[in-house]
$ cat entry05.txt   # compact mmCIF, C-alpha atoms and all ligand atoms
# COMPACT_ATOMS: atom_id res chain seq x y z
CA MET A 44 16.12 1.21 -41.94
CA LYS A 45 15.98 -1.92 -39.82
CA LYS A 46 18.81 -2.48 -37.39
CA PHE A 47 19.57 -4.41 -34.21
CA LEU A 48 19.81 -2.06 -31.28
CA PRO A 49 21.51 -3.52 -28.22
CA LEU A 50 20.27 -2.05 -24.94
CA PHE A 51 22.87 -3.15 -22.43
CA MET A 52 21.74 -2.19 -18.98
CA LEU A 53 23.78 -2.67 -15.85
CA LEU A 54 21.14 -4.68 -14.06
CA ALA A 55 19.31 -6.05 -17.05
CA LEU A 56 19.15 -9.81 -17.24
CA VAL A 57 17.95 -9.98 -20.77
CA THR A 58 19.23 -7.73 -23.51
CA LEU A 59 16.97 -6.55 -26.22
CA PHE A 60 17.64 -6.21 -29.88
CA SER A 61 14.91 -4.22 -31.44
CA SER A 62 14.09 -3.38 -34.98
CA CYS A 63 13.79 0.39 -34.70
CA THR A 64 12.73 3.23 -36.92
CA GLU A 65 13.63 6.91 -36.48
CA THR A 66 10.36 7.58 -34.64
CA LYS A 67 11.14 5.25 -31.72
CA VAL A 68 12.24 6.60 -28.35
CA THR A 69 13.79 4.72 -25.45
CA ARG A 70 13.44 6.32 -22.05
CA GLN A 71 14.93 5.29 -18.77
CA SER A 72 13.80 5.50 -15.17
CA PHE A 73 14.58 3.78 -11.87
CA ALA A 74 12.36 1.76 -9.52
CA PHE A 75 12.31 -1.62 -7.77
CA ASP A 76 16.10 -1.23 -7.23
CA THR A 77 16.69 -1.49 -10.93
CA VAL A 78 16.87 0.40 -14.22
CA LEU A 79 13.64 0.58 -16.23
CA ASN A 80 13.63 1.11 -19.99
CA ILE A 81 10.64 1.62 -22.22
CA THR A 82 10.87 1.87 -26.00
CA ALA A 83 7.87 3.01 -28.05
CA ASP A 84 6.91 5.23 -30.93
CA GLU A 85 7.59 8.85 -29.96
CA LYS A 86 3.91 9.69 -30.21
CA TYR A 87 3.53 7.63 -27.00
CA ASN A 88 5.94 9.85 -25.06
CA GLU A 89 3.28 10.94 -22.59
CA GLU A 90 2.19 7.31 -22.13
CA ILE A 91 5.80 6.37 -21.35
CA SER A 92 5.85 9.09 -18.66
CA GLU A 93 2.60 7.73 -17.27
CA ALA A 94 4.01 4.17 -17.31
CA PHE A 95 6.98 5.35 -15.22
CA ARG A 96 4.57 7.09 -12.84
CA MET A 97 2.67 3.79 -12.58
CA CYS A 98 5.97 2.11 -11.61
CA GLN A 99 6.55 4.65 -8.82
CA GLY A 100 2.99 3.88 -7.65
CA TYR A 101 3.64 0.12 -7.71
CA GLU A 102 6.84 0.65 -5.74
CA LYS A 103 4.62 2.03 -2.96
CA VAL A 104 2.59 -1.18 -3.11
CA PHE A 105 5.17 -3.96 -3.44
CA SER A 106 8.38 -2.65 -1.87
CA ARG A 107 9.34 -4.56 1.25
CA THR A 108 11.80 -1.91 2.45
CA ASN A 109 10.02 1.40 1.81
CA LYS A 110 8.25 2.24 5.07
CA GLU A 111 5.48 3.97 3.16
CA SER A 112 4.71 0.92 1.06
CA GLU A 113 1.64 -1.24 1.50
CA LEU A 114 3.64 -4.46 1.77
CA TYR A 115 5.86 -2.94 4.47
CA LYS A 116 2.76 -1.94 6.44
CA ILE A 117 1.19 -5.36 6.01
CA ASN A 118 4.36 -7.15 7.08
CA ASN A 119 4.70 -4.88 10.10
CA LYS A 120 1.01 -5.20 10.98
CA VAL A 121 0.43 -1.45 10.53
CA SER A 122 -2.20 -2.29 7.96
CA VAL A 123 -4.23 -5.46 7.67
CA LEU A 124 -6.37 -4.92 4.60
CA PRO A 125 -4.56 -5.80 1.38
CA SER A 126 -5.25 -3.97 -1.88
CA LYS A 127 -6.53 -5.69 -5.01
CA GLU A 128 -2.94 -5.76 -6.35
CA ILE A 129 -1.46 -7.48 -3.29
CA LYS A 130 -4.36 -9.94 -3.18
CA GLU A 131 -3.96 -10.84 -6.85
CA VAL A 132 -0.22 -11.44 -6.55
CA LEU A 133 -0.70 -13.33 -3.28
CA GLU A 134 -3.31 -15.66 -4.75
CA PHE A 135 -1.14 -16.38 -7.75
CA SER A 136 1.91 -16.92 -5.50
CA LEU A 137 0.06 -19.38 -3.27
CA ASP A 138 -1.00 -21.34 -6.32
CA MET A 139 2.61 -21.34 -7.50
CA SER A 140 3.74 -22.64 -4.10
CA LYS A 141 1.35 -25.56 -4.43
CA LYS A 142 2.51 -26.31 -7.96
CA THR A 143 6.16 -26.27 -6.84
CA ASP A 144 5.67 -28.07 -3.51
CA GLY A 145 6.92 -25.02 -1.66
CA ALA A 146 10.09 -24.33 -3.68
CA PHE A 147 8.45 -21.04 -4.59
CA ASP A 148 7.28 -19.44 -1.36
CA VAL A 149 6.02 -15.88 -0.96
CA THR A 150 6.71 -16.13 2.81
CA VAL A 151 10.47 -16.58 2.26
CA ALA A 152 11.13 -13.04 3.60
CA PRO A 153 12.92 -14.00 6.89
CA LEU A 154 15.41 -16.12 4.92
CA VAL A 155 15.95 -13.41 2.30
CA ASP A 156 16.63 -10.94 5.13
CA LEU A 157 19.00 -13.32 6.86
CA TRP A 158 20.99 -14.05 3.71
CA ASP A 159 21.03 -10.34 2.71
CA VAL A 160 23.41 -11.14 -0.16
CA ASN A 161 24.08 -7.49 -1.01
CA LYS A 162 25.73 -6.89 2.38
CA ARG A 163 26.94 -10.26 3.65
CA THR A 164 30.47 -11.54 3.19
CA ALA A 165 29.99 -14.91 4.94
CA PRO A 166 27.01 -17.26 5.30
CA PRO A 167 24.84 -17.21 8.44
CA SER A 168 25.06 -20.05 10.99
CA SER A 169 22.82 -23.10 10.69
CA GLU A 170 21.12 -22.05 13.96
CA GLU A 171 20.25 -18.67 12.43
CA ILE A 172 18.90 -20.42 9.34
CA GLU A 173 16.72 -22.80 11.39
CA LYS A 174 15.37 -19.84 13.38
CA ALA A 175 14.52 -17.88 10.20
CA LYS A 176 12.80 -20.94 8.74
CA GLU A 177 10.34 -21.04 11.66
CA ASN A 178 8.17 -18.31 10.14
CA VAL A 179 8.51 -19.44 6.52
CA GLY A 180 5.70 -21.57 5.10
CA TYR A 181 2.98 -20.71 2.63
CA GLU A 182 0.71 -23.29 4.29
CA ASN A 183 0.44 -21.00 7.32
CA ILE A 184 -1.13 -18.06 5.48
CA SER A 185 -4.32 -17.46 3.55
CA SER A 186 -5.46 -14.91 1.00
CA ALA A 187 -9.21 -15.09 1.68
CA PRO A 188 -9.78 -14.39 4.48
CA PHE A 189 -6.47 -12.54 4.48
CA SER A 190 -4.34 -13.89 7.29
CA LEU A 191 -0.56 -13.91 7.69
CA GLY A 192 -0.04 -14.98 11.30
CA LYS A 193 3.65 -14.54 12.01
CA ALA A 194 4.65 -14.75 8.36
CA SER A 195 5.79 -11.85 6.20
CA LEU A 196 5.60 -11.54 2.44
CA ASP A 197 8.34 -11.05 -0.16
CA MET A 198 7.00 -10.51 -3.66
CA GLY A 199 10.44 -9.93 -5.22
CA ALA A 200 10.16 -13.02 -7.42
CA VAL A 201 6.86 -12.10 -9.00
CA ALA A 202 5.88 -8.42 -8.59
CA LYS A 203 7.90 -7.09 -11.54
CA GLY A 204 6.14 -9.61 -13.75
CA TYR A 205 2.75 -8.47 -12.47
CA ILE A 206 3.71 -4.83 -13.07
CA ALA A 207 5.03 -5.54 -16.58
CA ASP A 208 1.67 -7.14 -17.42
CA ARG A 209 -0.17 -4.03 -16.20
CA LEU A 210 2.08 -1.80 -18.35
CA VAL A 211 1.43 -4.00 -21.39
CA ASP A 212 -2.34 -3.66 -20.74
CA TYR A 213 -1.95 0.11 -20.43
CA PHE A 214 -0.05 0.55 -23.72
CA LYS A 215 -2.50 -1.73 -25.55
CA GLU A 216 -5.44 0.30 -24.22
CA LYS A 217 -3.74 3.39 -25.62
CA GLY A 218 -3.53 1.74 -29.03
CA ALA A 219 0.23 1.10 -29.09
CA ASP A 220 1.26 -1.96 -31.08
CA ASP A 221 5.04 -1.85 -30.71
CA VAL A 222 6.46 -1.38 -27.21
CA ILE A 223 9.41 -2.87 -25.34
CA ILE A 224 9.07 -2.76 -21.56
CA ASP A 225 12.24 -3.72 -19.72
CA LEU A 226 11.98 -3.69 -15.94
CA GLY A 227 15.57 -4.55 -15.05
CA GLY A 228 15.73 -7.43 -17.48
CA ASN A 229 12.14 -8.50 -16.95
CA VAL A 230 11.10 -7.89 -20.56
CA ALA A 231 7.54 -7.65 -21.90
CA LEU A 232 6.69 -6.94 -25.51
CA VAL A 233 3.77 -5.46 -27.35
CA GLY A 234 4.47 -6.61 -30.90
CA GLU A 235 7.39 -8.54 -32.30
CA HIS A 236 11.07 -8.30 -31.39
CA SER A 237 14.26 -10.24 -30.97
CA VAL A 238 15.42 -10.67 -27.40
CA GLY A 239 18.96 -11.52 -26.34
CA ILE A 240 19.61 -13.91 -23.46
CA ARG A 241 22.71 -12.97 -21.51
CA ASN A 242 25.67 -15.27 -21.10
CA PRO A 243 25.45 -16.02 -17.36
CA LYS A 244 29.24 -16.38 -17.18
CA LYS A 245 29.86 -13.09 -19.01
CA PRO A 246 26.69 -11.07 -18.41
CA ASP A 247 27.75 -8.31 -20.80
CA GLU A 248 27.67 -10.78 -23.67
CA VAL A 249 24.68 -12.23 -25.50
CA PHE A 250 24.50 -16.02 -25.35
CA ALA A 251 21.51 -16.56 -27.62
CA VAL A 252 18.79 -14.62 -29.39
CA ILE A 253 15.12 -15.57 -29.56
CA HIS A 254 12.31 -14.01 -31.54
CA LEU A 255 9.09 -13.24 -29.66
CA LYS A 256 5.69 -11.79 -30.42
CA ASP A 257 3.44 -10.34 -27.68
CA LYS A 258 5.32 -12.25 -25.00
CA SER A 259 7.42 -11.66 -21.94
CA ALA A 260 10.87 -13.11 -21.27
CA VAL A 261 12.17 -13.26 -17.71
CA THR A 262 15.51 -14.61 -16.52
CA SER A 263 16.54 -15.82 -13.06
CA GLY A 264 20.21 -16.47 -12.41
CA ALA A 265 22.81 -16.83 -9.71
CA TYR A 266 24.99 -14.18 -11.34
CA GLN A 267 22.56 -11.38 -10.54
CA ARG A 268 23.03 -10.84 -6.79
CA TYR A 269 25.46 -12.86 -4.72
CA PHE A 270 28.58 -13.02 -2.56
CA ASP A 271 31.43 -15.52 -2.72
CA TYR A 272 32.82 -17.20 0.40
CA GLU A 273 35.57 -19.83 0.49
CA GLY A 274 35.07 -20.74 -3.13
CA GLU A 275 31.26 -21.05 -2.85
CA ARG A 276 28.75 -18.69 -4.40
CA TYR A 277 25.75 -17.64 -2.27
CA HIS A 278 23.03 -15.93 -4.29
CA HIS A 279 19.61 -14.34 -3.82
CA ILE A 280 17.32 -17.25 -4.76
CA ILE A 281 16.66 -19.24 -1.61
CA ASP A 282 15.37 -22.79 -1.40
CA PRO A 283 12.88 -22.47 1.48
CA ARG A 284 13.04 -26.21 2.07
CA THR A 285 16.73 -26.09 3.02
CA GLY A 286 17.03 -22.44 4.03
CA TYR A 287 20.10 -22.06 1.76
CA PRO A 288 20.53 -20.46 -1.67
CA SER A 289 19.46 -23.10 -4.15
CA ASP A 290 22.33 -25.21 -5.33
CA GLY A 291 22.21 -27.00 -8.63
CA ASP A 292 23.60 -27.34 -12.08
CA ILE A 293 21.83 -24.28 -13.48
CA LEU A 294 23.31 -20.84 -14.16
CA SER A 295 20.20 -19.22 -15.54
CA VAL A 296 16.60 -19.92 -16.53
CA THR A 297 14.71 -17.79 -19.04
CA VAL A 298 10.96 -18.31 -19.23
CA VAL A 299 8.87 -17.05 -22.15
CA SER A 300 5.14 -16.57 -21.63
CA PRO A 301 2.27 -14.27 -22.62
CA SER A 302 2.08 -13.49 -18.88
CA SER A 303 5.13 -11.77 -17.39
CA MET A 304 3.92 -12.74 -13.90
CA VAL A 305 3.96 -16.41 -14.91
CA ALA A 306 7.39 -16.03 -16.53
CA ASP A 307 8.76 -14.27 -13.44
CA ALA A 308 7.49 -16.81 -10.91
CA LEU A 309 8.38 -19.79 -13.09
CA SER A 310 11.95 -18.67 -13.78
CA THR A 311 12.58 -18.43 -10.04
CA SER A 312 10.85 -21.79 -9.44
CA ILE A 313 12.67 -23.71 -12.18
CA TYR A 314 15.95 -22.22 -11.03
CA ILE A 315 15.38 -23.79 -7.61
CA LEU A 316 13.83 -27.08 -8.74
CA GLY A 317 16.15 -27.83 -11.64
CA GLU A 318 15.72 -29.26 -15.10
CA ASP A 319 12.89 -31.69 -14.30
CA ALA A 320 10.74 -28.68 -13.48
CA LEU A 321 10.72 -27.56 -17.13
CA SER A 322 7.51 -29.60 -17.27
CA LEU A 323 5.85 -26.97 -15.06
CA CYS A 324 5.63 -24.80 -18.19
CA GLU A 325 2.96 -27.15 -19.52
CA GLU A 326 0.61 -25.93 -16.77
CA PHE A 327 0.51 -22.45 -18.32
CA PRO A 328 -0.63 -21.53 -21.86
CA HIS A 329 2.08 -20.88 -24.49
CA THR A 330 4.81 -20.96 -21.86
CA ASP A 331 8.33 -22.26 -22.50
CA ALA A 332 11.78 -22.11 -20.97
CA ILE A 333 15.49 -22.43 -21.67
CA ILE A 334 18.01 -23.40 -19.01
CA ILE A 335 21.73 -22.61 -19.28
CA ARG A 336 23.76 -25.13 -17.29
CA LYS A 337 27.09 -24.52 -15.56
CA ASP A 338 28.92 -26.02 -18.56
CA LEU A 339 26.95 -23.62 -20.83
CA ASN A 340 25.00 -26.46 -22.38
CA THR A 341 21.28 -25.83 -22.55
CA ALA A 342 18.00 -27.64 -21.90
CA THR A 343 14.68 -26.39 -23.20
CA THR A 344 11.01 -27.23 -23.32
CA LYS A 345 9.98 -29.18 -26.40
CA GLY A 346 10.07 -27.29 -29.68
CA PHE A 347 11.63 -24.18 -28.11
CA ALA A 348 14.26 -23.68 -30.85
CA GLU A 349 11.70 -23.78 -33.69
CA LYS A 350 9.00 -21.77 -31.89
CA TYR A 351 11.32 -18.88 -31.06
CA SER A 352 13.97 -19.12 -33.82
CA LEU A 353 16.62 -19.74 -31.17
CA ALA A 354 20.09 -18.72 -32.45
CA TYR A 355 23.22 -19.17 -30.36
CA LYS A 356 25.79 -16.36 -30.57
P1 LIG B 401 13.91 -13.56 -9.27
O1 LIG B 401 15.05 -12.61 -9.45
O2 LIG B 401 12.65 -13.19 -9.97
O3 LIG B 401 14.29 -14.97 -9.51
O4 LIG B 401 13.49 -13.46 -7.73
C1 LIG B 401 14.42 -13.46 -6.70
C2 LIG B 401 13.84 -12.70 -5.54
O5 LIG B 401 12.67 -13.38 -5.06
C3 LIG B 401 14.77 -12.62 -4.34
O6 LIG B 401 15.55 -11.46 -4.37
C4 LIG B 401 13.81 -12.66 -3.18
O7 LIG B 401 13.28 -11.37 -2.94
C5 LIG B 401 12.69 -13.55 -3.67
N1 LIG B 401 12.89 -14.98 -3.43
C6 LIG B 401 14.05 -15.65 -3.14
N2 LIG B 401 13.83 -16.97 -3.03
C7 LIG B 401 12.49 -17.15 -3.25
C8 LIG B 401 11.64 -18.30 -3.22
N3 LIG B 401 12.10 -19.53 -2.99
N4 LIG B 401 10.31 -18.12 -3.49
C9 LIG B 401 9.81 -16.89 -3.75
N5 LIG B 401 10.57 -15.78 -3.74
C10 LIG B 401 11.89 -15.89 -3.52
MG MG B 402 11.10 -14.31 -10.67

$ encode --input "entry05.txt" --output "structure tokens" --more "lines below"
Ligand code: AMP
Ligand code: MG
Amino acid sequence: MKKFLPLFMLLALVTLFSSCTETKVTRQSFAFDTVLNITADEKYNEEISEAFRMCQGYEKVFSRTNKESELYKINNKVSVLPSKEIKEVLEFSLDMSKKTDGAFDVTVAPLVDLWDVNKRTAPPSSEEIEKAKENVGYENISSAPFSLGKASLDMGAVAKGYIADRLVDYFKEKGADDVIIDLGGNVALVGEHSVGIRNPKKPDEVFAVIHLKDKSAVTSGAYQRYFDYEGERYHHIIDPRTGYPSDGDILSVTVVSPSSMVADALSTSIYILGEDALSLCEEFPHTDAIIIRKDLNTATTKGFAEKYSLAYK
């Protein structure tokens, strides 16, 4: 029997509706500060366990806060030789910075730390922001030869995408042809499924549904992590050019791409740059996006509705 199965997760940004049969299992784990869900045929149970183990391994590569992680050691100059994984994500991130004129910046860490939106109740001073900006700037670092100078790296806008791609590769190698990987709303599919895009004003509700095959869908939005102060919302996506959380007419951006890393980095970038930056999708194969504006009107790349059977709820 085919049915829509909603998987509402506390931290998920995109909700999945999957056509399931009795043999499907959905299992949950936790990493990267978020809930992970993987759905696959039950014969891939052991592979799901291995995928979760891979996530724990990647946490020890990309976490910026875990003192045992590679990124922590690199940022704190305990280690200076990056792994293949860090190098790959860094190279991609630097390319993204060039394409976005620095709106996307993997060296944004000092500003992310200063804004610390999970703990703060009021914005930092402009002096503090200027000071934090001093060590932000992708132009000051290089991937080969690897050199950071005084900069430190934050891969929070792109690492989950990279990891989702590796999990897709893993399940395909194992012969699976129907898998839903949901890393806290960063969704990657093996096979064909309908994916719900959350209403950014009421995140427990589905705003629209799209139909995807072998693609990833990643959403960035101000409603995910933020604090409110004197009627203003301060969220976790920082515009490195101003030093402040990006401020525009957009509530959320969902990017669809065969590469989850591309979708992840682009959703963050378009969120900062605004609607004109939808054209950035053209620089990546089979990549599209939908923006939900503050008035809940939408803007999309050309042909989005037809390509993905977009249906508003
Ligand atoms: P996402 O949720 O994928 O849009 O990424 C947001 C996360 O990326 C934040 O929590 C930061 O860790 C990091 N970040 C914030 N602003 C930027 C930026 N301008 N460029 C790159 N990474 C950023
Ligand atoms: Mg992102």

$ axis_aligned_box --input "entry05.txt" --around "segment 68-75 of chain A" --padding-each-side "8 Å" --output "AutoDock Vina command-line options"
--center_x 13.6 --center_y 2.5 --center_z -18.1 --size_x 18.7 --size_y 24.2 --size_z 36.6

$ atom_distance --input "entry05.txt" --atom1 "atom CA of Gly228 of chain A" --atom2 "atom CA of Ala202 of chain A"
13.3 Å

$ closest_residue --input "entry05.txt" --among "A:Val179, A:Ala146, A:Met198, A:Ala94" --to "Arg107 of chain A" --atoms "only C-alpha atoms"
A:Met198

$ residues_near_point --input "entry05.txt" --point "(10.3, -8.6, -24.2)" --cutoff "7 Å" --atoms "all atoms listed in the file" --output "list in words"
Ile223, Ile224, Asp225, Val230, Ala231, Leu232, Val238, Lys258, Ser259 and Ala260 of chain A

$ write_last_selection --input "entry05.txt" --atoms "C-alpha atoms" --output "PDB file, in the frame of the given file"
ATOM      1  CA  ILE A 223       9.410  -2.870 -25.340  1.00  0.00           C
ATOM      2  CA  ILE A 224       9.070  -2.760 -21.560  1.00  0.00           C
ATOM      3  CA  ASP A 225      12.240  -3.720 -19.720  1.00  0.00           C
ATOM      4  CA  VAL A 230      11.100  -7.890 -20.560  1.00  0.00           C
ATOM      5  CA  ALA A 231       7.540  -7.650 -21.900  1.00  0.00           C
ATOM      6  CA  LEU A 232       6.690  -6.940 -25.510  1.00  0.00           C
ATOM      7  CA  VAL A 238      15.420 -10.670 -27.400  1.00  0.00           C
ATOM      8  CA  LYS A 258       5.320 -12.250 -25.000  1.00  0.00           C
ATOM      9  CA  SER A 259       7.420 -11.660 -21.940  1.00  0.00           C
ATOM     10  CA  ALA A 260      10.870 -13.110 -21.270  1.00  0.00           C
TER      11      ALA A 260
END

$ closest_atom_pairs --input "entry05.txt" --of "segment 149-212 of chain A" --to "segment 309-333 of chain A" --cutoff "12 Å" --atoms "all atoms listed in the file" --output "JSON lines"
{"residue": "A:Val149", "atom": "CA", "partner": "A:Ser312", "partner_atom": "CA", "distance": 11.4}
{"residue": "A:Met198", "atom": "CA", "partner": "A:Thr311", "partner_atom": "CA", "distance": 11.6}
{"residue": "A:Gly199", "atom": "CA", "partner": "A:Thr311", "partner_atom": "CA", "distance": 10.0}
{"residue": "A:Ala200", "atom": "CA", "partner": "A:Thr311", "partner_atom": "CA", "distance": 6.5}
{"residue": "A:Val201", "atom": "CA", "partner": "A:Thr311", "partner_atom": "CA", "distance": 8.6}
{"residue": "A:Gly204", "atom": "CA", "partner": "A:Leu309", "partner_atom": "CA", "distance": 10.4}

$ write_last_selection --input "entry05.txt" --atoms "C-alpha atoms" --output "mmCIF file, in the frame of the given file"
data_model
loop_
_atom_site.group_PDB
_atom_site.id
_atom_site.type_symbol
_atom_site.label_atom_id
_atom_site.label_comp_id
_atom_site.auth_asym_id
_atom_site.auth_seq_id
_atom_site.Cartn_x
_atom_site.Cartn_y
_atom_site.Cartn_z
ATOM 1 C CA VAL A 149 6.020 -15.880 -0.960
ATOM 2 C CA MET A 198 7.000 -10.510 -3.660
ATOM 3 C CA GLY A 199 10.440 -9.930 -5.220
ATOM 4 C CA ALA A 200 10.160 -13.020 -7.420
ATOM 5 C CA VAL A 201 6.860 -12.100 -9.000
ATOM 6 C CA GLY A 204 6.140 -9.610 -13.750
#

$ residues_around --input "entry05.txt" --residues "Leu137 of chain A" --least-positions-apart "2" --cutoff "9 Å" --atoms "all atoms listed in the file" --output "ChimeraX atom specification"
/A:132-135,139-142,147-149,181-182,184-186

$ closest_residue --input "entry05.txt" --among "A:Ala265, A:Leu339, A:Leu226, A:Val160" --to "Asp290 of chain A" --atoms "only C-alpha atoms"
A:Ala265

$ atom_distance --input "entry05.txt" --atom1 "atom CA of Thr82 of chain A" --atom2 "atom CA of Lys215 of chain A"
13.9 Å

$ atom_distance --input "entry05.txt" --atom1 "atom CA of Glu128 of chain A" --atom2 "atom CA of Thr143 of chain A"
22.4 Å

$ residues_around --input "entry05.txt" --residues "Tyr351 of chain A" --least-positions-apart "2" --cutoff "9 Å" --atoms "all atoms listed in the file" --output "list in words"
Val252, Ile253, His254, Leu255, Gly346, Phe347, Ala348, Glu349, Leu353 and Ala354 of chain A

$ residues_near_point --input "entry05.txt" --point "(23.0, -10.4, -0.2)" --cutoff "12 Å" --atoms "only C-alpha atoms" --output "VMD selection string"
chain A and resid 154 to 167 265 to 272 276 to 281 288

$ residues_around --input "entry05.txt" --residues "Asp76 of chain A" --least-positions-apart "3" --cutoff "10 Å" --atoms "only C-alpha atoms" --output "PyMOL selection string"
chain A and resi 54+73+79+102+106+226-227

$ closest_residue --input "entry05.txt" --among "A:Gly286, A:Phe95, A:Tyr87, A:Ala207" --to "Pro153 of chain A" --atoms "only C-alpha atoms"
A:Gly286

$ closest_residue --input "entry05.txt" --among "A:Leu196, A:Ala152, A:Leu210, A:Asn119" --to "Ser92 of chain A" --atoms "only C-alpha atoms"
A:Leu210

$ closest_residue --input "entry05.txt" --among "A:Tyr205, A:Phe189, A:Tyr355, A:Phe250" --to "ligand LIG 401 (chain B)" --atoms "all atoms listed in the file"
A:Tyr205

$ closest_residue --input "entry05.txt" --among "A:Leu124, A:Ser352, A:Thr262, A:Glu235" --to "ligand LIG 401 (chain B)" --atoms "only C-alpha atoms and all ligand atoms"
A:Thr262

$ residues_around --input "entry05.txt" --residues "Ser302 of chain A" --least-positions-apart "3" --cutoff "7 Å" --atoms "all atoms listed in the file" --output "PyMOL selection string"
chain A and resi 208+259+305-306

$ residues_around --input "entry05.txt" --residues "Ser122 of chain A" --least-positions-apart "3" --cutoff "12 Å" --atoms "all atoms listed in the file" --output "MDAnalysis selection string"
chainID A and resid 110:119 125:126 189:191

$ write_last_selection --input "entry05.txt" --atoms "C-alpha atoms" --output "PDB file, keeping the file's coordinate frame"
ATOM      1  CA  LYS A 110       8.250   2.240   5.070  1.00  0.00           C
ATOM      2  CA  GLU A 111       5.480   3.970   3.160  1.00  0.00           C
ATOM      3  CA  SER A 112       4.710   0.920   1.060  1.00  0.00           C
ATOM      4  CA  GLU A 113       1.640  -1.240   1.500  1.00  0.00           C
ATOM      5  CA  LEU A 114       3.640  -4.460   1.770  1.00  0.00           C
ATOM      6  CA  TYR A 115       5.860  -2.940   4.470  1.00  0.00           C
ATOM      7  CA  LYS A 116       2.760  -1.940   6.440  1.00  0.00           C
ATOM      8  CA  ILE A 117       1.190  -5.360   6.010  1.00  0.00           C
ATOM      9  CA  ASN A 118       4.360  -7.150   7.080  1.00  0.00           C
ATOM     10  CA  ASN A 119       4.700  -4.880  10.100  1.00  0.00           C
ATOM     11  CA  PRO A 125      -4.560  -5.800   1.380  1.00  0.00           C
ATOM     12  CA  SER A 126      -5.250  -3.970  -1.880  1.00  0.00           C
ATOM     13  CA  PHE A 189      -6.470 -12.540   4.480  1.00  0.00           C
ATOM     14  CA  SER A 190      -4.340 -13.890   7.290  1.00  0.00           C
ATOM     15  CA  LEU A 191      -0.560 -13.910   7.690  1.00  0.00           C
TER      16      LEU A 191
END

$ build_atoms --input "entry05.txt" --residues "segment 263-274 of chain A" --atoms "N, CA, C and O atoms" --output "short mmCIF file (atom, residue, chain, number, x, y, z; two decimals), in the frame of the given file"
data_model
loop_
_atom_site.label_atom_id
_atom_site.label_comp_id
_atom_site.auth_asym_id
_atom_site.auth_seq_id
_atom_site.Cartn_x
_atom_site.Cartn_y
_atom_site.Cartn_z
N SER A 263 16.03 -15.74 -14.43
CA SER A 263 16.54 -15.82 -13.06
C SER A 263 17.92 -16.44 -13.13
O SER A 263 18.13 -17.41 -13.87
N GLY A 264 18.86 -15.91 -12.36
CA GLY A 264 20.21 -16.47 -12.41
C GLY A 264 21.02 -16.12 -11.18
O GLY A 264 20.80 -15.09 -10.54
N ALA A 265 21.98 -17.00 -10.89
CA ALA A 265 22.81 -16.83 -9.71
C ALA A 265 23.79 -15.68 -9.87
O ALA A 265 24.39 -15.22 -8.91
N TYR A 266 23.99 -15.21 -11.10
CA TYR A 266 24.99 -14.18 -11.34
C TYR A 266 24.45 -12.77 -11.07
O TYR A 266 25.14 -11.78 -11.21
N GLN A 267 23.17 -12.70 -10.67
CA GLN A 267 22.56 -11.38 -10.54
C GLN A 267 22.90 -10.69 -9.21
O GLN A 267 23.31 -9.54 -9.19
N ARG A 268 22.69 -11.41 -8.11
CA ARG A 268 23.03 -10.84 -6.79
C ARG A 268 23.61 -11.96 -5.95
O ARG A 268 22.96 -12.99 -5.75
N TYR A 269 24.80 -11.75 -5.43
CA TYR A 269 25.46 -12.86 -4.72
C TYR A 269 26.68 -12.35 -3.95
O TYR A 269 27.13 -11.22 -4.11
N PHE A 270 27.23 -13.23 -3.08
CA PHE A 270 28.58 -13.02 -2.56
C PHE A 270 29.30 -14.36 -2.63
O PHE A 270 28.67 -15.42 -2.67
N ASP A 271 30.62 -14.29 -2.69
CA ASP A 271 31.43 -15.52 -2.72
C ASP A 271 32.13 -15.69 -1.37
O ASP A 271 32.61 -14.72 -0.79
N TYR A 272 32.14 -16.92 -0.87
CA TYR A 272 32.82 -17.20 0.40
C TYR A 272 33.48 -18.57 0.31
O TYR A 272 32.82 -19.57 0.02
N GLU A 273 34.77 -18.60 0.53
CA GLU A 273 35.57 -19.83 0.49
C GLU A 273 35.24 -20.69 -0.74
O GLU A 273 34.93 -21.87 -0.63
N GLY A 274 35.24 -20.03 -1.87
CA GLY A 274 35.07 -20.74 -3.13
C GLY A 274 33.63 -21.09 -3.48
O GLY A 274 33.35 -21.66 -4.54
#
